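Comments concern the structure below.
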Amino acid sequence: MRAAFGLVSLLVVLLIVMFIFDKIEYPELKTAQTVAIPEAQQISGHDSNGVPAMDSFRSEEYDRGNQFAGIKITNVMRGGAMDTYYGLKPGDIVLNIGGLDVTALGDYGSANAELQEAYQRQEGLTVDRGGKQISLPLPYTPVAPLPIKTAQNQQPPQQQQQPARSAQPSTPTAGGANNNLPDQLQHRITIPGGF
C-alpha cells in the first residue's frame with residue numbers, strides 16, 4: 001500500500017514538473033531559439049539562407065593619389081548578409097572597420113579580408129556614401145504602421161457605428177438573454193435560473 005502511494009506521489013510530482021516545463025520553460029526555449037539561430041549564422045559568417053557573407057558583395061580597391069584609401073563596393077547581393085545587416089550599396093567606399101582605419105591595414109587584400117570578418121564579429125563600418133560619411137549598420141528605427149484606407153463615407157470595420165441603445169439599464173429576460181446587447185453577444189450570455 002505504501003509503495004502505491006509512493007508511486008502515485010512520484011507520478012504527481014512528475015506531472016507538475018512537466019506542466020511547469022511546458023508553461024514556463026518551453027516558451028522561453030522557443031524564444032531563445034529564434035534569437036540564437038540568426039546569431040549563430042552570423043557568427044559563422046553566413047546569412048539566413050546559408051550564403052557566406054563574403055559571397056554577398058563584390059569590391060575593388062579605392063585609391064587616392066596611387067595610395068590605398070578604402071574599399072569600393074561594386075555590387076551587393078540583394079537580401080544577402082552585407083545588404084541586410086549593413087545596408088551596403090554599390091558605390092559605398094568603406095573607410096573604417098570596427099574603429100580601425102582601413103589604410104592602417106596596409107593594402108586592399110588585408111582590408112577586404114577584415115571587411116568579410118567584420119560581419120561575423122558584428123563590427124560597425126564607416127562608409128563614404130555620396131560624399132557623406134555614415135556609420136553602418138544604421139540604428140533600428142521602428143516605422144509607424146500605415147493608416148488603413150477605406151472607401152469614401154465608410155468607416156473601417158472595427159469602428160462601425162453601433163445601433164443606438166436606450167439609456168435604460170440592461171435587464172435580463174426570463175430566458176436569460178439581455179435585450180440591450182448586440183445580437184452577436186446575445187447567445188453568449190445566459191443567466192442560470194432566469195435571474
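Here's how to read the names in the C-alpha cells: chain A, B, ... by the order shown, residue numbers from 1 in each chain, ligand numbers from 1 in the order shown.
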Taking the DSSP secondary structure from the backbone, can you list the residues of stretch 25-112 of chain A that are strand (DSSP E or B), as an MDAnalysis selection string? chainID A and resid 46 52 57:64 67:76 93:97 100:101
Got a sec: who's within 7 Å of A:Val94, counting only C-alpha atoms, leaving out chain neighbours fewer than 2 positions off, as an MDAnalysis selection string? chainID A and resid 70:72 92 96 125:128
For the selection you just gave me, I'd like the residues written to a file as a PDB file, in the first residue's frame, keeping N, CA and C atoms.
ATOM      1  N   GLY A  70      40.656  52.972 -49.441  1.00  0.00           N
ATOM      2  CA  GLY A  70      39.410  52.352 -48.998  1.00  0.00           C
ATOM      3  C   GLY A  70      39.003  51.198 -49.882  1.00  0.00           C
ATOM      4  N   ILE A  71      37.851  50.630 -49.552  1.00  0.00           N
ATOM      5  CA  ILE A  71      37.284  49.511 -50.316  1.00  0.00           C
ATOM      6  C   ILE A  71      36.016  50.016 -50.988  1.00  0.00           C
ATOM      7  N   LYS A  72      36.016  50.004 -52.315  1.00  0.00           N
ATOM      8  CA  LYS A  72      34.830  50.458 -53.045  1.00  0.00           C
ATOM      9  C   LYS A  72      33.925  49.260 -53.311  1.00  0.00           C
ATOM     10  N   ASP A  92      29.415  52.624 -52.336  1.00  0.00           N
ATOM     11  CA  ASP A  92      29.913  52.922 -50.988  1.00  0.00           C
ATOM     12  C   ASP A  92      31.421  52.678 -50.947  1.00  0.00           C
ATOM     13  N   ASN A  96      36.399  52.682 -42.657  1.00  0.00           N
ATOM     14  CA  ASN A  96      36.706  52.293 -41.294  1.00  0.00           C
ATOM     15  C   ASN A  96      35.970  50.996 -40.969  1.00  0.00           C
ATOM     16  N   LEU A 125      30.859  49.762 -39.420  1.00  0.00           N
ATOM     17  CA  LEU A 125      31.626  50.283 -40.553  1.00  0.00           C
ATOM     18  C   LEU A 125      31.371  51.772 -40.685  1.00  0.00           C
ATOM     19  N   THR A 126      32.339  52.472 -41.225  1.00  0.00           N
ATOM     20  CA  THR A 126      32.129  53.851 -41.647  1.00  0.00           C
ATOM     21  C   THR A 126      32.359  53.862 -43.144  1.00  0.00           C
ATOM     22  N   VAL A 127      31.355  54.357 -43.870  1.00  0.00           N
ATOM     23  CA  VAL A 127      31.464  54.399 -45.326  1.00  0.00           C
ATOM     24  C   VAL A 127      31.238  55.815 -45.823  1.00  0.00           C
ATOM     25  N   ASP A 128      31.811  56.077 -46.979  1.00  0.00           N
ATOM     26  CA  ASP A 128      31.549  57.323 -47.688  1.00  0.00           C
ATOM     27  C   ASP A 128      30.460  56.994 -48.705  1.00  0.00           C
TER      28      ASP A 128
END
Quick one: of A:Met54, A:Met82, A:Ala69, A:Ile24, who's nearest to A:Ala104, counting only C-alpha atoms? A:Ala69
Would you mind listing what lies within 12 Å of A:Leu136 as a PyMOL selection string, with only C-alpha atoms counted and same-chain residues fewer than 3 positions away left out? chain A and resi 82-89+92-99+118-119+122-129+133+139-140
Shortest contact to A:Asp63, candidates A:Ala81, A:Val102, A:Leu115, A:Met1, atoms counted only C-alpha atoms, goes to A:Val102
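Reported to one decimal place, the separation of atom CA of A:Ala111 from atom CA of A:Gly91 is 16.8 Å.
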What residues in stretch 80-133 of chain A get the DSSP label helix (DSSP H, G or I)? Please answer as an MDAnalysis selection string. chainID A and resid 81:86 102:105 108:121
Take the selection from the previous step and output its residues with C-alpha atoms, as a JSON list (two decimals), in the first residue's frame.
[["chain", "number", "residue", "atom", "x", "y", "z"],
["A", 81, "ALA", "CA", 24.39, 39.35, -45.48],
["A", 82, "MET", "CA", 26.03, 42.67, -46.36],
["A", 83, "ASP", "CA", 22.72, 44.06, -47.64],
["A", 84, "THR", "CA", 20.54, 43.00, -44.71],
["A", 85, "TYR", "CA", 22.98, 43.67, -41.86],
["A", 86, "TYR", "CA", 24.92, 46.71, -43.06],
["A", 102, "VAL", "CA", 41.34, 50.61, -43.48],
["A", 103, "THR", "CA", 44.56, 52.33, -44.59],
["A", 104, "ALA", "CA", 46.18, 51.08, -41.36],
["A", 105, "LEU", "CA", 45.66, 47.53, -42.66],
["A", 108, "TYR", "CA", 43.29, 46.15, -50.27],
["A", 109, "GLY", "CA", 43.60, 42.38, -49.71],
["A", 110, "SER", "CA", 44.02, 42.69, -45.95],
["A", 111, "ALA", "CA", 41.28, 45.32, -45.68],
["A", 112, "ASN", "CA", 38.84, 43.23, -47.75],
["A", 113, "ALA", "CA", 39.50, 40.16, -45.57],
["A", 114, "GLU", "CA", 38.83, 42.32, -42.49],
["A", 115, "LEU", "CA", 35.57, 43.54, -44.03],
["A", 116, "GLN", "CA", 34.43, 39.97, -44.61],
["A", 117, "GLU", "CA", 35.17, 39.10, -40.97],
["A", 118, "ALA", "CA", 33.52, 42.27, -39.64],
["A", 119, "TYR", "CA", 30.10, 40.77, -40.35],
["A", 120, "GLN", "CA", 30.91, 37.76, -38.17],
["A", 121, "ARG", "CA", 32.07, 39.95, -35.30]]
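Atom to atom, atom CA of A:Arg64 and atom CA of A:Pro137 stand 25.3 Å apart.
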One-decimal distance in Å that lies between atom CA of A:Asn49 and atom CA of A:Met77: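 Atom-to-atom, atom CA of A:Met77 to atom CA of A:Asn49, that is 12.3 Å.
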